[in-house]
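**Student:** For reference, the structure I am asking about is given below.
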Amino acid sequence: MRLKYHLLSAAKAYSIHRKGPLHAWYESYHARTNFRKVTSALSRRIAEGLWWVMVRNEPFHYSQSQEAVTAQVVTAM
Amino acid sequence: MVAMTLARLAASFDLKTSNMPDMHQRELRLLFKRIDAWKVQRTQITNRANGILTGLGFAVFRLVPINSPTGFQILNGSISKLTPAELALLHPRKLRRPEIEKCAAFTLPDFTHTYLNDVINEVRNLNQRIEAYEVELLSKVDVCQLTEQVALIVTVPGVTRFLALRAIAELGFNFHQRYYSAEAFAKAIGVVPAMRSREANCSYARLRTATCA
C-alpha cells in the first residue's frame with residue numbers, strides 16, 4: 001500500500017519543521033534520539049488515529065490517548 | 001473441513017474481506033497517480049538541471065531548490081547574466097547570501113541558456129498541472145459525498161485533506177471495517193514500530209489491569 005510513504009512524510013514534515021499539530025505526540029517520544037524511530041512511531045499513531053475516528057465516528061480527541069481509548073473499548077467488549 | 005477452517009478464521013478476525021474499489025475510488029486513484037507522476041517528472045527535471053549546472057561549476061542549486069520562487073529568480077538571473085552578488089541578493093535570508101555568492105562565482109556559458117529556459121517552462125507547466133489537479137481532487141470531496149468522512153479524518157493530528165483523500169483512494173471509504181483493531185490496520189499499512197513512550201507504557205499498564213479486572 002502506498003499510504004505508508006505518505007504517513008511517514010507527514011511525520012517527517014513535523015520532525016523537520018517542528019510546526020503543526022503533532023507536537024504532543026512528538027514530545028512523548030522526546031527521549032528517542034533516532035530520527036527514523038520517532039517518525040515511524042508518529043506515523044503509526046496517525047494510522048491508528050485514522051482507524052479510530054472512523055470506528056467511533058466522532059472527531060479525534062487530542063487530549064485522549066489512543067491506548068486509553070483501546071482500553072475502554074476492550075473492557076466494553 | 002474447509003468451511004470449518006473458514007468459519008474459525010472469520011471468528012478470530014483473521015479472515016479479511018477484500019476491497020473492490022468503486023468508480024469514485026478509481027477516479028481518485030487515477031488523479032493521485034497523475035499528480036504523483038508529474039511530481040516525479042518535475043523532480044527528474046530539476047535534478048538533471050542541478051547535475052548539469054553543478055558539473056559546470058554553478059553549485060547554487062545545492063543550496064536553493066530550483067522549484068521555489070527564489071530558485072526561479074536565481075535561474076532567470078543567471079540567464080540574464082547577473083553578477084554573483086546580485087544573484088545572492090535574490091535570496092531572502094541574509095545569512096545564506098555569502099555562500100550563494102561563492103557558489104555562483106562561475107558565469108554560465110551561453111549554450112546553457114536555452115536549456116535553462118526550457119527547464120523553467122517545463123517546471124512551471126508541471127506546477128500548473130499539479131495545482132489544477134489538486135483543485136479538482138478537492139472538488140471530488142463533495143461529488144463523491146466524502147465531506148463528513150474527510151472532516152472526521154482531518155481531526156487526526158498531522159492529517160491534511162489530501163492525506164485523508166489519499167487514504168480513501170488507496171484503501172476505500174470503508175477501510176476501517178476490514179480491520180478488527182487499530183493495530184491490525186497499522187500493520188496492514190506497514191507502519192508498526194514498537195510504541196515505547198512513557199505515555200504508551202502507562203496506557204498499556206492501564207489496559208492490562210482493565211482486562212484482568
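Letters A, B, ... mark the chains of the C-alpha cells in the order given; residue numbers begin at 1 per chain; ligand numbers begin at 1, in order shown.
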When you look at Val119 (chain B) with a cut-off of 10 Å (counting only C-alpha atoms), what residues show up, excluding the ones that are within fewer than 5 positions of it in the same chain? I need them as a VMD selection string.

**Tutor:** chain B and resid 42 45 to 46 48 to 49 66 72 75 113 to 114 124 to 125

**Student:** Using DSSP on the backbone coordinates, identify all residues within region 45-138 of chain B classified as helix (DSSP H, G or I); present the result as number ranges by chain.

**Tutor:** B: 45-55, 60-62, 69-79, 84-89, 94-103, 111-138

**Student:** Find the residues near Asp110 (chain B): any atom within 12 Å, counting only C-alpha atoms, skip ones fewer than 2 places away on the same chain, and give them as a list of chain:residue names.

**Tutor:** B:Ser78, B:Ile79, B:Ser80, B:Lys81, B:Thr107, B:Leu108, B:Thr112, B:His113, B:Thr114, B:Tyr115, B:Leu116, B:Asn117

**Student:** Keeping C-alpha atoms for every residue in the selection just given, could you write it to a file as a PDB file, in the first residue's frame?

**Tutor:**
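Saved to out20.pdb:
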```pdb
ATOM      1  CA  SER B  78      21.843  33.653 -14.192  1.00  0.00           C
ATOM      2  CA  ILE B  79      20.362  33.544 -17.706  1.00  0.00           C
ATOM      3  CA  SER B  80      20.289  37.335 -17.820  1.00  0.00           C
ATOM      4  CA  LYS B  81      23.930  37.324 -16.609  1.00  0.00           C
ATOM      5  CA  THR B 107      29.275  32.517 -15.161  1.00  0.00           C
ATOM      6  CA  LEU B 108      27.087  30.152 -17.137  1.00  0.00           C
ATOM      7  CA  THR B 112      23.062  26.576 -21.437  1.00  0.00           C
ATOM      8  CA  HIS B 113      20.553  29.434 -21.608  1.00  0.00           C
ATOM      9  CA  THR B 114      18.104  27.725 -23.980  1.00  0.00           C
ATOM     10  CA  TYR B 115      18.208  24.588 -21.869  1.00  0.00           C
ATOM     11  CA  LEU B 116      17.612  26.533 -18.658  1.00  0.00           C
ATOM     12  CA  ASN B 117      14.674  28.379 -20.233  1.00  0.00           C
TER      13      ASN B 117
END
```

**Student:** Hey, which of A:Lys19, A:Lys12, A:Lys4, A:Arg56 ends up closest to Val38 (chain A)? Count only C-alpha atoms.

**Tutor:** A:Lys12

**Student:** Please provide as a short mmCIF file (atom, residue, chain, number, x, y, z; two decimals) with N, CA and C atoms, in the first residue's frame all residues within 8 Å of region 87-93 of chain B, with the sequence filter that same-chain residues fewer than 6 positions apart are discarded (counting only C-alpha atoms).

**Tutor:**
```cif
data_model
loop_
_atom_site.label_atom_id
_atom_site.label_comp_id
_atom_site.auth_asym_id
_atom_site.auth_seq_id
_atom_site.Cartn_x
_atom_site.Cartn_y
_atom_site.Cartn_z
N THR B 70 12.56 31.67 -5.12
CA THR B 70 13.95 32.13 -5.16
C THR B 70 14.74 31.38 -6.22
N GLN B 73 13.98 32.75 -9.56
CA GLN B 73 14.59 34.08 -9.72
C GLN B 73 16.09 33.95 -10.00
N ILE B 74 16.76 33.06 -9.26
CA ILE B 74 18.20 32.89 -9.47
C ILE B 74 18.49 32.33 -10.86
N GLY B 77 17.97 35.03 -13.25
CA GLY B 77 19.07 35.98 -13.09
C GLY B 77 20.35 35.49 -13.73
N SER B 78 20.61 34.19 -13.60
CA SER B 78 21.84 33.65 -14.19
C SER B 78 21.76 33.64 -15.72
N ILE B 100 25.90 31.64 -1.23
CA ILE B 100 25.34 31.62 -2.59
C ILE B 100 26.26 32.39 -3.54
N GLU B 101 26.76 33.50 -3.06
CA GLU B 101 27.66 34.31 -3.89
C GLU B 101 28.91 33.51 -4.30
N ALA B 104 27.97 30.92 -6.88
CA ALA B 104 27.55 31.47 -8.18
C ALA B 104 28.70 32.20 -8.88
#
```

**Student:** Gly57 (chain B): which residues within 8 Å, counting only C-alpha atoms, same-chain residues fewer than 4 positions away excluded, as a list in words?

**Tutor:**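 Close residues of Gly57 (chain B): Leu53, Cys103 and Phe106 of chain B.
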
**Student:** Would you list the contacts of Leu42 (chain A) as a PDB file with N, CA and C atoms, in the first residue's frame, taking every protein, DNA or RNA residue within 9 Å and counting only C-alpha atoms, but skipping same-chain residues closer than 3 positions in sequence?

**Tutor:**
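Done, and the output landed in part.pdb:
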```pdb
ATOM      1  N   LEU A   7       2.143   8.673   5.126  1.00  0.00           N
ATOM      2  CA  LEU A   7       2.081   8.839   6.587  1.00  0.00           C
ATOM      3  C   LEU A   7       3.469   9.175   7.126  1.00  0.00           C
ATOM      4  N   LEU A   8       4.474   8.486   6.595  1.00  0.00           N
ATOM      5  CA  LEU A   8       5.849   8.788   7.029  1.00  0.00           C
ATOM      6  C   LEU A   8       6.235  10.212   6.634  1.00  0.00           C
ATOM      7  N   ALA A  10       4.213  12.770   6.415  1.00  0.00           N
ATOM      8  CA  ALA A  10       3.551  13.695   7.341  1.00  0.00           C
ATOM      9  C   ALA A  10       4.335  13.788   8.643  1.00  0.00           C
ATOM     10  N   ALA A  11       4.817  12.634   9.123  1.00  0.00           N
ATOM     11  CA  ALA A  11       5.593  12.625  10.364  1.00  0.00           C
ATOM     12  C   ALA A  11       6.941  13.319  10.173  1.00  0.00           C
ATOM     13  N   LYS A  12       7.549  13.066   9.024  1.00  0.00           N
ATOM     14  CA  LYS A  12       8.859  13.683   8.743  1.00  0.00           C
ATOM     15  C   LYS A  12       8.724  15.200   8.650  1.00  0.00           C
ATOM     16  N   LEU A  22       1.342  17.851  15.558  1.00  0.00           N
ATOM     17  CA  LEU A  22       1.905  16.612  16.107  1.00  0.00           C
ATOM     18  C   LEU A  22       2.804  16.842  17.318  1.00  0.00           C
ATOM     19  N   TRP A  25       2.479  14.391  20.499  1.00  0.00           N
ATOM     20  CA  TRP A  25       2.956  13.038  20.206  1.00  0.00           C
ATOM     21  C   TRP A  25       4.475  13.017  20.059  1.00  0.00           C
ATOM     22  N   TYR A  26       4.977  14.030  19.407  1.00  0.00           N
ATOM     23  CA  TYR A  26       6.427  14.091  19.209  1.00  0.00           C
ATOM     24  C   TYR A  26       7.134  14.200  20.559  1.00  0.00           C
ATOM     25  N   TYR A  29       7.815  11.104  22.521  1.00  0.00           N
ATOM     26  CA  TYR A  29       8.949  10.306  22.047  1.00  0.00           C
ATOM     27  C   TYR A  29      10.249  11.100  22.150  1.00  0.00           C
ATOM     28  N   LYS A  37      13.150   6.356  14.084  1.00  0.00           N
ATOM     29  CA  LYS A  37      12.245   5.693  15.019  1.00  0.00           C
ATOM     30  C   LYS A  37      11.103   6.627  15.417  1.00  0.00           C
ATOM     31  N   VAL A  38      11.425   7.879  15.630  1.00  0.00           N
ATOM     32  CA  VAL A  38      10.385   8.842  16.015  1.00  0.00           C
ATOM     33  C   VAL A  38       9.376   8.998  14.894  1.00  0.00           C
ATOM     34  N   THR A  39       9.868   9.168  13.675  1.00  0.00           N
ATOM     35  CA  THR A  39       8.943   9.385  12.559  1.00  0.00           C
ATOM     36  C   THR A  39       8.075   8.151  12.327  1.00  0.00           C
ATOM     37  N   ARG A  45       1.024   6.175  14.961  1.00  0.00           N
ATOM     38  CA  ARG A  45      -0.049   6.828  15.724  1.00  0.00           C
ATOM     39  C   ARG A  45      -1.070   7.466  14.797  1.00  0.00           C
ATOM     40  N   ILE A  46      -0.590   8.069  13.732  1.00  0.00           N
ATOM     41  CA  ILE A  46      -1.521   8.678  12.772  1.00  0.00           C
ATOM     42  C   ILE A  46      -2.417   7.595  12.174  1.00  0.00           C
ATOM     43  N   ALA A  47      -1.787   6.454  11.807  1.00  0.00           N
ATOM     44  CA  ALA A  47      -2.565   5.359  11.205  1.00  0.00           C
ATOM     45  C   ALA A  47      -3.632   4.862  12.180  1.00  0.00           C
TER      46      ALA A  47
END
```
